[in-house]
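A.B. asks: First, the structure itself, so that you have it in front of you.
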2 protein chains.
Amino acid sequence: MSLNQKYIGLGNQPNAIRELFAYGQARKAEIGDDKVYDFSIGNPSVPAPQKVADTITELLKEPADVLHGYSQSPGQMGVRQAVAGNIKRRFGIDAQAKHVYMTHGAAAGLAIAINAVALPGEEVITVAPYFCEYKVWTEHAGATLVEVPARAGDFQIDVPAMEAAINEKTAAIIINSPNNPVGSIYSRENLQEFTDMLRRKEEELGRQLFLISDEPYREITYGDEVPYVPCMYADTLVCYSYSKSLSLPGERIGYIYVSDTMENADEVFYAVSGSARDQGYICASVLFQRVVEACVDEPSDVEAYRANRELLTGIMDELGYEYVQPQGAFYLWVKALEDDDVAFCNRAKAHELLLVPSSCFRSKGYARVSYCVGADVIRNSKQAFADLKAEYDA
Amino acid sequence: MSLNQKYIGLGNQPNAIRELFAYGQARKAEIGDDKVYDFSIGNPSVPAPQKVADTITELLKEPADVLHGYSQSPGQMGVRQAVAGNIKRRFGIDAQAKHVYMTHGAAAGLAIAINAVALPGEEVITVAPYFCEYKVWTEHAGATLVEVPARAGDFQIDVPAMEAAINEKTAAIIINSPNNPVGSIYSRENLQEFTDMLRRKEEELGRQLFLISDEPYREITYGDEVPYVPCMYADTLVCYSYSKSLSLPGERIGYIYVSDTMENADEVFYAVSGSARDQGYICASVLFQRVVEACVDEPSDVEAYRANRELLTGIMDELGYEYVQPQGAFYLWVKALEDDDVAFCNRAKAHELLLVPSSCFRSKGYARVSYCVGADVIRNSKQAFADLKAEYDA
């Protein structure tokens with residue numbers, strides 16, 4: 001037997017979100033761009049700040065052999081220092097550049113981090129609903145992903161349920177706040193209770209429990225605080241991405257920060273480096289390392305998303321849809337109008353509304369509406385949402 | 001036990017070449033740039049063609065949200081078509097875009113390809129000396145790397161030795177021509193004999209034997225033909241990189257081409273896609289995908305390397321060093337003046353000559369001299385090479 005059958009399956013089974021997005025592209029070509037309401041994908045609609053283009057233009061004046069040359073695997077010292085400085089300024093942690101590892105975005109960061117800290121036979125826990133690739137990367141490490149549903153109603157971490165799930169096989173817990181797909185943000189109180197419990201369990205089990213904080217949406221918020229996890233829990237690895245904050249999803253640039261509060265941060269950083277090397281990562285694009293170095297303190301423009309949020313929740317309220325109050329990211333978690341979320345999204349599709357069923361995130365009865373779209377898409381979709389509702393009300 | 005100890009080892013054990021390069025940087029700061037002859041690393045000294053910068057400048061005029069947005073995982077259709085067209089024009093194969101997978105350089109391509117075709121417990125064979133990460137990526141797949149020494153003298157594939165190494169556990173063979181570290185190119189005759197044997201073994205064993213052709217140095221040649229492997233052997237995956245041909249090593253852009261001559265190319269392409277997904281790869285930088293799309297037919301400027309090759313081999317001849325005739329890439333494989341290549345390179349270091357011992361490539365008695373440097377470095381190093389030789393002659 002040759003060929004990895006699991007990989008044939010993974011490669012052949014299209015990601016449902018990307019499939020829906022591709023359907024939308026085809027459908028638009030067929031019936032017109034303004035007739036399809038594509039809420040499927042999390043591709044930022046806000047362009048990258050002008051400073052990104054300005055920085056690249058400046059960099060192109062440098063000698064090309066130096067500009068595009070190899071960097072050290074964890075990244076150039078300049079960008080690592082810039083990231084550490086940003087963490088220090090914003091969160092007061094004495095972050096050191098030597099614990100910052102630049103990655104090809106958060107996906108690479110998560111795959112590298114999970115494989116660094118979880119061993120075959122161990123368990124990694126996450127909060128459901130969740131970004132489905134967590135499962136793929138955990139299983140790549142030979143570990144098992146354990147799902148703990150979010151607290152009913154407010155979608156915060158269910159601390160008692162989480163405590164019950166932790167055992168001697170637990171290697172790590174992945175959290176994601178602001179959350180994809182729900183749009184919730186874990187409160188300081190919730191995180192405090194959670195990390196207090198983790199510390200207690202570490203002592204009880206006599207082992208490190210790594211907290212992997214997946215933070216691509218950190219800057220996409222509308223007023224709520226997003227507490228910095230390393231300030232609350234020492235054994236944290238932050239996986240950050242500039243995909244959303246600088247609107248650079250296709251360029252794949254982000255970092256892993258091994259918290260300086262961690263006692264064995266150097267050792268964990270080595271594990272991260274080795275994990276990256278093992279999976280064929282050489283270095284993140286040096287041009288975009290330099291862009292991040294220059295733009296590290298650039299504010300994210302969330303005004304368009306804020307306006308979209310108002311517009312969309314206004315329509316939902318008017319039409320009588322139920323949803324989770326969106327605190328961050330650019331996703332609305334809307335209750336499906338029937339138990340079967342896939343059937344619901346299929347009926348929505350007949351109205352040219354492209355929504356992602358919650359099953360894609362290992363949860364039932366909801367749909368994710370990505371509102372990182374032009375405001376007119378939301379405005380024009382109102383009738384379709386009304387028709388869909390009427391269909392169920394009839 | 002938490003943390004992956006193997007990864008701590010891999011992350012902690014610095015790559016010898018990069019360590020030597022870092023030493024050179026420090027040493028230059030200490031005694032002066034022109035006093036250290038750094039032949040350690042394969043970072044192209046020829047800058048990227050002007051068209052790269054011109055293309056980026058043009059692209060920056062496009063709307064930034066579209067320009068930097070996600071692409072499909074295998075890459076944008078435009079660049080995949082451009083690559084397929086380039087293969088078709090140059091090698092006459094009816095290459096299809098759907099079998100081109102854009103990657104973060106050849107390293108990612110190799111890690112993805114090896115993991116796609118080799119299963120735990122299987123074997124992957126390569127020709128020694130070889131780029132040491134082949135072993136890391138093969139072991140990541142749970143497979144074993146089997147080393148078959150190159151033919152003595154001319155460093156071509158030793159076909160009888162290769163045949164003896166193939167058995168029912170063999171999944172794939174990795175070849176690399178033009179070769180790092182030797183600088184040899186496998187002749188058409190040698191490849192014909194080799195692929196004839198492979199086909200015979202496929203029949204005999206009743207299984208596919210995948211040939212992974214690692215080709216970052218394809219364009220760095222000085223007159224010798226580099227036969228296109230898919231034209232000679234159907235079950236080939238080409239791992240290509242623009243690191244050397246467009247001098248973009250830090251940007252990480254390349255591709256895997258699953259040969260259209262392969263009967264089950266679609267299935268193998270799925271395995272490649274799944275393997276990439278499993279290791280956290282989302283897509284290659286979209287900006288550099290577009291750069292490749294525009295520059296796919298840009299000729300590589302090898303004149304500086306050609307001049308360096310003449311200069312360096314001239315000095316070696318004059319001083320009486322033995323070396324393998326360099327046909328491609330920008331490496332000279334020089335016979336160490338004692339059996340212990342590490343000791344030899346340490347003695348060279350005392351003369352400020354930074355050479356990589358052949359042990360780094362799992363071979364004995366040689367040193368790799370990277371001549372992708374300024375011509376003055378080679379010119380100025382002559383006395384040091386002479387002094388080193390004199391030390392052994394005394």
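Identifiers in this document derive from the order of the structure tokens: chains are assigned A, B, ..., residues are numbered from 1 separately in each chain, and ligands are numbered from 1 in order of occurrence.
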Can you pull out the residues contacting A:Asp278? Cut-off 12 Å, using only C-alpha atoms, and skip same-chain residues under 6 positions away; I want them as a PyMOL selection string.

C.D. replies: (chain A and resi 111-112+115-116+141+271-272) or (chain B and resi 4+6-11+107-108+110-112+114-115+132-142+279)

A.B. asks: Can you check which residues of chain B have any atom within 7 Å of chain A? Use only C-alpha atoms and format it as an MDAnalysis selection string.

C.D. replies: chainID B and resid 2:4 7:12 43:48 53 57 60 64:65 68:71 107:108 111 116:119 136:137 140 171 208 247:252 267 270:271 273:275 278:281 283 285:287

A.B. asks: Mind pulling up the distance from atom CA of A:Tyr257 to atom CA of A:Glu147?

C.D. replies: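 Here the two named atoms are 24.5 Å from each other.
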
A.B. asks: I need the residues in stretch 43-251 of chain A that are helix (DSSP H, G or I) according to DSSP; give them as JSON, numbers by chain.

C.D. replies: {"A": [50, 51, 52, 53, 54, 55, 56, 57, 58, 59, 64, 65, 66, 67, 77, 78, 79, 80, 81, 82, 83, 84, 85, 86, 87, 88, 89, 90, 91, 97, 98, 99, 105, 106, 107, 108, 109, 110, 111, 112, 113, 114, 115, 116, 117, 133, 134, 135, 136, 137, 138, 139, 140, 159, 160, 161, 162, 163, 164, 165, 188, 189, 190, 191, 192, 193, 194, 195, 196, 197, 198, 199, 200, 201, 202, 203, 204, 205, 229, 230, 231, 249, 250, 251]}

A.B. asks: Give me the residues within 9 Å of stretch 173-180 of chain A as number ranges by chain, counting only C-alpha atoms and dropping any in the same chain fewer than 5 places off.

C.D. replies: A: 114, 123-127, 129-131, 134, 157, 185-186, 209-221, 226, 327-331, 361, 368

A.B. asks: Could you give me, as an NGL selection string, the residues within 6 Å of B:Ala84, counting only C-alpha atoms and dropping anything in the same chain fewer than 2 positions from it?

C.D. replies: :B and (81-82 or 86-87 or 95-97)

A.B. asks: Using C-alpha atoms, can you write the selected residues to a file as a PDB file, in the first residue's frame?

C.D. replies:
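After the write, part.pdb holds the following:
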ATOM      1  CA  GLN B  81      -1.553  28.146 -15.134  1.00  0.00           C
ATOM      2  CA  ALA B  82       1.632  30.172 -15.595  1.00  0.00           C
ATOM      3  CA  ASN B  86       6.216  27.175 -18.392  1.00  0.00           C
ATOM      4  CA  ILE B  87       6.624  23.399 -17.926  1.00  0.00           C
ATOM      5  CA  ALA B  95       1.180  19.991 -17.776  1.00  0.00           C
ATOM      6  CA  GLN B  96      -2.150  20.949 -16.225  1.00  0.00           C
ATOM      7  CA  ALA B  97      -2.624  23.726 -13.689  1.00  0.00           C
TER       8      ALA B  97
END

A.B. asks: One decimal, Å: what's the distance from atom CA of A:Ala152 over to atom CA of A:Ile166, could you say?

C.D. replies: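 Between these atoms lies a distance of 19.7 Å.
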
A.B. asks: Please identify all polymer residues within 12 Å of B:Tyr371, counting only C-alpha atoms, omitting same-chain residues fewer than 6 positions from it, and present them as a count of residues only.

C.D. replies: 36

A.B. asks: Compile the contact shell of stretch 25-27 of chain B as a short mmCIF file (atom, residue, chain, number, x, y, z; two decimals) with C-alpha atoms, in the first residue's frame: residues with an atom at most 10 Å away, counting only C-alpha atoms, same-chain residues fewer than 5 positions apart removed.

C.D. replies:
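selection-v9.cif written:
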data_model
loop_
_atom_site.label_atom_id
_atom_site.label_comp_id
_atom_site.auth_asym_id
_atom_site.auth_seq_id
_atom_site.Cartn_x
_atom_site.Cartn_y
_atom_site.Cartn_z
CA GLU B 19 25.78 28.18 13.02
CA LEU B 20 28.85 28.68 10.83
CA GLY B 32 36.52 43.26 9.45
CA ASP B 33 34.27 42.14 6.59
CA LYS B 35 39.18 39.46 6.52
CA VAL B 36 36.64 36.62 6.74
CA ASP B 38 32.52 33.07 4.34
CA GLU B 352 39.21 32.61 8.38
#

A.B. asks: I'd like to know which of A:Tyr323, A:Ala367, A:Tyr101, A:Ala343 is closest to A:Phe155, using only C-alpha atoms.

C.D. replies: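 Answer, going by the shortest atom-to-atom distance: A:Tyr323.
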
A.B. asks: May I ask for the distance between atom CA of B:Ala113 and atom CA of B:Val238, given in Å to one decimal place?

C.D. replies: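 These atoms are spaced 9.1 Å apart.
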
A.B. asks: DSSP on the backbone: which residues in stretch 23-216 of chain A end up as strand (DSSP E or B)? Give the answer as a ChimeraX atom specification.

C.D. replies: /A:37-38,100-103,123-128,144-149,170-176,210-214
